[in-house]
Structure formats: C-alpha cells, structure tokens
Amino acid sequence: MSIKIKEIPLLERPRERLINYGVENLSDEELLSIILKTGVKGMSAKELAIYILSVFGGIENLKNINFHELKKFKGIGEAKACTLVAMSEISRRMNRKIVSLKKVRLNRSDKVFEFYKDKINGSQEQFYCIYLDAGKKVIEEKLLFMGTANYSLVHPRDIFKEAYLLNASSIICVHNHPSGDVKPSKEDINMTIRIREVGLIMGIRLDDHIIIGDDKYYSFLENGEI
C-alpha cells in the first residue's frame with residue numbers, strides 16, 4: 001500500500017528533513033520527491049521518485065531526460081514533465097558555469113571575488129579551494145567545508161591532498177563571513193599562516209585567501225599578508 005507524505009512523521013518528511021538537517025543530507029529520492037511535490041495514483045511522491053531513478057539508472061542520468069520520454073511514465077502529466085525537464089536544464093547550465101571557470105586565468109583578487117560573490121553568499125560559512133596550474137588557470141574547485149555562521153573547520157591536509165591529486169602549482173582559498181564583516185578573525189589569520197607554511201613545504205604556493213561578505217571582500221594578498 002502506498003504511503004502518503006502526510007502519513008510520514010513530520011520530522012521525517014523530505015521538506016522538514018531539508019530544513020532541519022540541510023539539503024546535503026537528503027537522499028536522491030528525497031530531493032527528487034521535493035521537486036515532484038506530489039505522487040500519482042497508487043504511488044507517493046517518494047515512491048515515484050524511486051521509480052524514476054530506477055528506470056533512468058540513477059540521478060546522474062536525469063540530465064538526459066526529455067519531455068516526451070517523461071510523458072510515457074504512467075501518471076506523469078505535462079506539469080511534472082515540465083518541472084523535471086526544467087530541473088535538468090538548470091543543472092546543465094550550472095555545469096556550464098563551472099566549466100567556464102576552468103578557462104579563466106585567476107591572477108587578480110577582484111576576479112576571484114566576481115566569480116564567488118554570489119555563489120557563497122548565505123547564512124552558512126563555506127570554504128572553497130581553487131586549484132591552479134602554473135599559468136594560473138583553474139584546474140578544479142572544491143567545497144571543503146560548509147557550516148554554521150562564524151565557524152570554520154578546514155585542515156591543510158584536506159586542501160593539499162586535492163592539490164597533490166590534481167597536480168596543482170598553486171591554490172586560492174575563498175570563504176565567506178555570513179555576518180557581512182570581511183575583517184579576518186584570529187582563526188582566519190592562523191589558518192592562513194598554516195596553509196601557507198604547509199604549501200611552502202609541499203611546493204604548492206598559497207596565492208591568496210579571500211573573505212567575502214556583503215558585496216565586498218578582503219584579500220590577504222592585497223593587504224600584504226601573504
């Protein structure tokens with residue numbers, strides 16, 4: 001028998017789990033069920049999500065869906081098909097933005113700020129590391145930490161493990177202050193010193209550490225602290 005969302009205990013429903021535990025802690029079927037909103041006859045939203053994922057072989061294959069394929073699913077009408085196709089297209093466009101970053105030569109702090117000022121603006125502190133080749137072109141970016149405001153937990157080993165695997169020549173660290181105040185804290189300064197020192201030992205230069213908040217930024221490089 002199909003279990004409706006309203007029959008699931010409140011704290012275990014997908015939307016409530018997203019609010020209480022964070023979107024990164026939801027399963028693929030929970031994320032998809034939120035997008036679907038409702039199920040179809042004989043199938044809850046979560047059961048429909050599981051079915052769609054099983055047919056396509058996982059969430060990574062939803063990028064290939066199209067409207068007419070979805071319409072073949074029993075119970076999926078135009079509204080749900082349009083929603084899923086739109087989700088797929090948004091994902092493709094976001095991926096194109098990420099790819100475009102890899103073509104950029106990040107040799108100035110203001111360039112880094114322009115790429116990240118909207119990406120990591122929010123109530124949670126996020127810490128990114130950008131890995132560069134010898135020509136300062138982006139090889140890859142990694143989100144290494146996401147947490148509550150004014151709290152950061154990033155270890156140099158996590159940063160340089162990726163640098164080693166990517167054969168990076170240098171790195172740029174970027175994180176935000178949800179408070180909007182970009183002045184580096186004592187923890188920010190100490191962390192920057194540790195990363196720079198480890199980088200010197202490993203032969204991977206820390207080019208900059210940039211703090212973003214309220215449409216402004218603080219660059220350790222521009223302030224002569226690297």
# chains A, B, ... in the order shown; residues from 1 in each chain; ligands from 1

call {"tool": "select_by_dssp", "arguments": {"residues": "stretch 30-82 of chain A", "states": "helix (DSSP H, G or I)", "output": "PyMOL selection string"}}
result
chain A and resi 30-36+45-56+59-64+67-71+78-82

call {"tool": "residues_around", "arguments": {"residues": "A:His68", "least_positions_apart": "2", "cutoff": "12 Å", "atoms": "only C-alpha atoms", "output": "list in words"}}
result
Asn64, Ile65, Asn66, Leu70, Lys71, Lys72, Phe73, Ile76, Gly77, Glu78, Lys80, Ala81, Cys82, Leu84 and Val85 of chain A

call {"tool": "closest_atom_pairs", "arguments": {"of": "stretch 48-145 of chain A", "to": "stretch 152-175 of chain A", "cutoff": "8 Å", "atoms": "only C-alpha atoms", "output": "CSV"}}
result
residue,atom,partner,partner_atom,distance
A:Ile120,CA,A:His175,CA,7.5
A:Glu125,CA,A:His175,CA,6.9
A:Gln126,CA,A:His175,CA,5.4
A:Phe127,CA,A:His175,CA,4.3
A:Tyr128,CA,A:Val174,CA,5.1
A:Cys129,CA,A:Cys173,CA,4.6
A:Ile130,CA,A:Ile172,CA,5.0
A:Tyr131,CA,A:Ile171,CA,4.7
A:Leu132,CA,A:Ser170,CA,5.3
A:Asp133,CA,A:Ser169,CA,5.0
A:Ala134,CA,A:Ser169,CA,5.3
A:Lys136,CA,A:Ser170,CA,7.7
A:Ile139,CA,A:Leu166,CA,7.4
A:Glu140,CA,A:Leu166,CA,7.8
A:Leu144,CA,A:Val154,CA,7.0
A:Phe145,CA,A:Val154,CA,6.5

call {"tool": "write_last_selection", "arguments": {"atoms": "N, CA and C atoms", "output": "PDB file, in the first residue's frame"}}
result
ATOM      1  N   ILE A 120      28.709  32.065  -2.876  1.00  0.00           N
ATOM      2  CA  ILE A 120      28.824  31.654  -1.474  1.00  0.00           C
ATOM      3  C   ILE A 120      28.260  32.690  -0.511  1.00  0.00           C
ATOM      4  N   GLU A 125      28.662  29.454   6.590  1.00  0.00           N
ATOM      5  CA  GLU A 125      30.021  29.697   6.150  1.00  0.00           C
ATOM      6  C   GLU A 125      30.459  28.564   5.233  1.00  0.00           C
ATOM      7  N   GLN A 126      31.032  28.939   4.094  1.00  0.00           N
ATOM      8  CA  GLN A 126      31.514  27.962   3.122  1.00  0.00           C
ATOM      9  C   GLN A 126      32.977  28.258   2.808  1.00  0.00           C
ATOM     10  N   PHE A 127      33.735  27.190   2.638  1.00  0.00           N
ATOM     11  CA  PHE A 127      35.167  27.338   2.357  1.00  0.00           C
ATOM     12  C   PHE A 127      35.491  26.580   1.069  1.00  0.00           C
ATOM     13  N   TYR A 128      35.936  27.325   0.065  1.00  0.00           N
ATOM     14  CA  TYR A 128      36.332  26.747  -1.218  1.00  0.00           C
ATOM     15  C   TYR A 128      37.846  26.841  -1.378  1.00  0.00           C
ATOM     16  N   CYS A 129      38.384  25.880  -2.093  1.00  0.00           N
ATOM     17  CA  CYS A 129      39.777  25.956  -2.522  1.00  0.00           C
ATOM     18  C   CYS A 129      39.800  25.844  -4.040  1.00  0.00           C
ATOM     19  N   ILE A 130      40.498  26.778  -4.679  1.00  0.00           N
ATOM     20  CA  ILE A 130      40.654  26.786  -6.138  1.00  0.00           C
ATOM     21  C   ILE A 130      42.062  26.303  -6.454  1.00  0.00           C
ATOM     22  N   TYR A 131      42.161  25.306  -7.316  1.00  0.00           N
ATOM     23  CA  TYR A 131      43.451  24.709  -7.658  1.00  0.00           C
ATOM     24  C   TYR A 131      43.878  25.193  -9.039  1.00  0.00           C
ATOM     25  N   LEU A 132      45.089  25.731  -9.115  1.00  0.00           N
ATOM     26  CA  LEU A 132      45.571  26.386 -10.335  1.00  0.00           C
ATOM     27  C   LEU A 132      46.796  25.682 -10.913  1.00  0.00           C
ATOM     28  N   ASP A 133      46.940  25.805 -12.238  1.00  0.00           N
ATOM     29  CA  ASP A 133      48.149  25.289 -12.879  1.00  0.00           C
ATOM     30  C   ASP A 133      49.228  26.377 -12.863  1.00  0.00           C
ATOM     31  N   ALA A 134      50.335  26.112 -13.521  1.00  0.00           N
ATOM     32  CA  ALA A 134      51.459  27.056 -13.498  1.00  0.00           C
ATOM     33  C   ALA A 134      51.120  28.380 -14.171  1.00  0.00           C
ATOM     34  N   LYS A 136      48.264  29.906 -13.819  1.00  0.00           N
ATOM     35  CA  LYS A 136      47.176  30.494 -13.010  1.00  0.00           C
ATOM     36  C   LYS A 136      45.798  30.201 -13.577  1.00  0.00           C
ATOM     37  N   ILE A 139      42.245  24.565 -12.517  1.00  0.00           N
ATOM     38  CA  ILE A 139      42.151  23.132 -12.775  1.00  0.00           C
ATOM     39  C   ILE A 139      40.830  22.601 -12.226  1.00  0.00           C
ATOM     40  N   GLU A 140      40.541  23.005 -10.985  1.00  0.00           N
ATOM     41  CA  GLU A 140      39.345  22.495 -10.295  1.00  0.00           C
ATOM     42  C   GLU A 140      39.054  23.387  -9.095  1.00  0.00           C
ATOM     43  N   LEU A 144      35.219  22.575   0.532  1.00  0.00           N
ATOM     44  CA  LEU A 144      35.833  21.753   1.573  1.00  0.00           C
ATOM     45  C   LEU A 144      35.124  21.847   2.914  1.00  0.00           C
ATOM     46  N   PHE A 145      34.304  22.866   3.074  1.00  0.00           N
ATOM     47  CA  PHE A 145      33.584  22.976   4.344  1.00  0.00           C
ATOM     48  C   PHE A 145      32.330  23.812   4.181  1.00  0.00           C
TER      49      PHE A 145
END

call {"tool": "residues_around", "arguments": {"residues": "A:Ile34", "least_positions_apart": "4", "cutoff": "7 Å", "atoms": "only C-alpha atoms", "output": "list in words"}}
result
Pro14, Arg15 and Glu30 of chain A
